[in-house]
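Undergrad: Please find one structure pasted underneath; my questions will follow.
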Amino acid sequence: MSKPRLLLIHAFSLAEGAAYHVRPPSGAKEQVLMNYDRLAHLLDTVEWDLHPGAPSSHGNWPVETREEFMSVGFNRLRIVREACESGNYDAIVLLGGGDPGFDEAREIGVRHGIPVTACAHAQMVAALSLGSRFSIIDISEAHNMQMAALVRSYGMAGRCASIRNIDHPLPRPSFTHPHPLSGERERWARGEVSGMLEEAVAHAVEAIEEDGAEVLIIGCSGAYWLCEPLRDRLAEMGWNIPVLEGYRCAIQAARNMAELKVTASALAFPSDNPVKIRRRKRVATD
């Protein structure tokens, strides 16, 4: 059996000389993909390409606000459409914690019979197979609101115990915060104390003890490196709780759907000229 062919698409790309990169702007795909060392075992089971993402139109900095998420989501729909039309891929993975353009990309995928996955959605779906309620460990006030919007959009409000803000925002021109996200993984890798990890541990314990979380997911792709150290620190404290990050969940979900030969329902994402129509739609309440 041939390996599934996946295209991974970054949410956006910044100019080479931008001051606010959170991943390498160029290089081999294994170098550009964040946390590749923790993804290699999954990617070895598929054929995969990595698209750097459309050039950012919101500015030369990472995405946090809903305006910025909308901008990059729109920009990468053309990439999704071209990938689907090429016939080169069995599934598409949208990288980035805030899932920009996910529903619209799924609509494109349905027209071509190609499944599309995204990080936050894949984490939430996986979390529900592991426990009754999940909490999101996230990076900033603005990013929290994007995650809250996704929880509602995906019909997960009744299963989301909380969104916990560890307050380590992404770097940007207006950034004056004393605790940036950038540099924290490197600090931890050197064996130094990472304030970001310490905050994540403290908020994870509160999510468990106070909010009733049984699974933890990480909100921002810039924080996905926390997955293993956070899980290990919690285990040392006696909390045996799954901690999920989006890249692995989205890649595994894409592989599963490609091998099952299914995509999103055409009833959920109908074309502009469907063969059959429904006269009544019920809107679920959560």
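Chains: A, B, ... in order of the structure tokens. Residues: from 1 per chain. Ligands: from 1, in order shown.
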Give the alpha helix (DSSP H) residues of region 8-65 of chain A, as assigned by DSSP on the backbone, as a PyMOL selection string.
TA: chain A and resi 29-32+40-43
Undergrad: Keeping C-alpha atoms, export the residues of the selection given above as a compact mmCIF listing (two decimals), in the first residue's frame.
TA:
```txt
# COMPACT_ATOMS: atom_id res chain seq x y z
CA LYS A 29 11.34 21.34 5.13
CA GLU A 30 12.63 19.47 8.16
CA GLN A 31 14.34 22.67 9.36
CA VAL A 32 11.40 24.99 8.73
CA ALA A 40 9.45 12.67 12.47
CA HIS A 41 7.94 9.34 13.52
CA LEU A 42 4.57 10.39 12.08
CA LEU A 43 5.95 11.95 8.93
```
Undergrad: If you count only C-alpha atoms, which residues fall within 7 Å of region 232-247 of chain A, apart from same-chain ones fewer than 3 positions away, as a PyMOL selection string?
TA: chain A and resi 95+97+119-120+122-123+214-218+224+227-229+250-251
Undergrad: Write out as a VMD selection string each polymer residue whose atoms come within 8 Å of Asp49 (chain A), counting only C-alpha atoms; drop sequence neighbours fewer than 3 positions from it.
TA: chain A and resid 6 to 8 29
Undergrad: Could you give me, as a ChimeraX atom specification, each residue of region 183-269 of chain A that DSSP assigns to strand (DSSP E or B) when run on this structure's backbone?
TA: /A:215-218,243-244
Undergrad: Can you pull out the residues contacting Ile163 (chain A)? Cut-off 8 Å, using only C-alpha atoms, and skip same-chain residues under 3 positions away; I want them as number ranges by chain.
TA: A: 135-138, 144, 147-148, 160
Undergrad: What separation in Å, quoted to one decimal, exists between CA of His203 (chain A) and CA of Phe134 (chain A)?
TA: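 CA of Phe134 (chain A) lies at a distance of 13.0 Å from CA of His203 (chain A).
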Undergrad: Write out as a VMD selection string each polymer residue whose atoms come within 10 Å of Ser57 (chain A), counting only C-alpha atoms; drop sequence neighbours fewer than 6 positions from it.
TA: chain A and resid 12 to 14 68 71 to 72 75
Undergrad: Since we have the selection now, will you write its residues out, keeping C-alpha atoms, as a CSV table (one decimal), in the first residue's frame?
TA:
```
chain,number,residue,atom,x,y,z
A,12,PHE,CA,1.7,32.6,6.7
A,13,SER,CA,5.3,33.5,5.8
A,14,LEU,CA,7.2,36.6,6.9
A,68,GLU,CA,-5.0,38.9,11.6
A,71,SER,CA,-6.3,37.9,6.8
A,72,VAL,CA,-4.0,34.8,6.8
A,75,ASN,CA,-4.6,34.3,1.9
```
Undergrad: Excluding region 33-39 of chain A and residues on its chain fewer than 5 positions from it, collect all residues at most 9 Å away from it, counting only C-alpha atoms, and give them as an MDAnalysis selection string.
TA: chainID A and resid 10 22:24 28 44 50 221:222 224:225 247:248 251
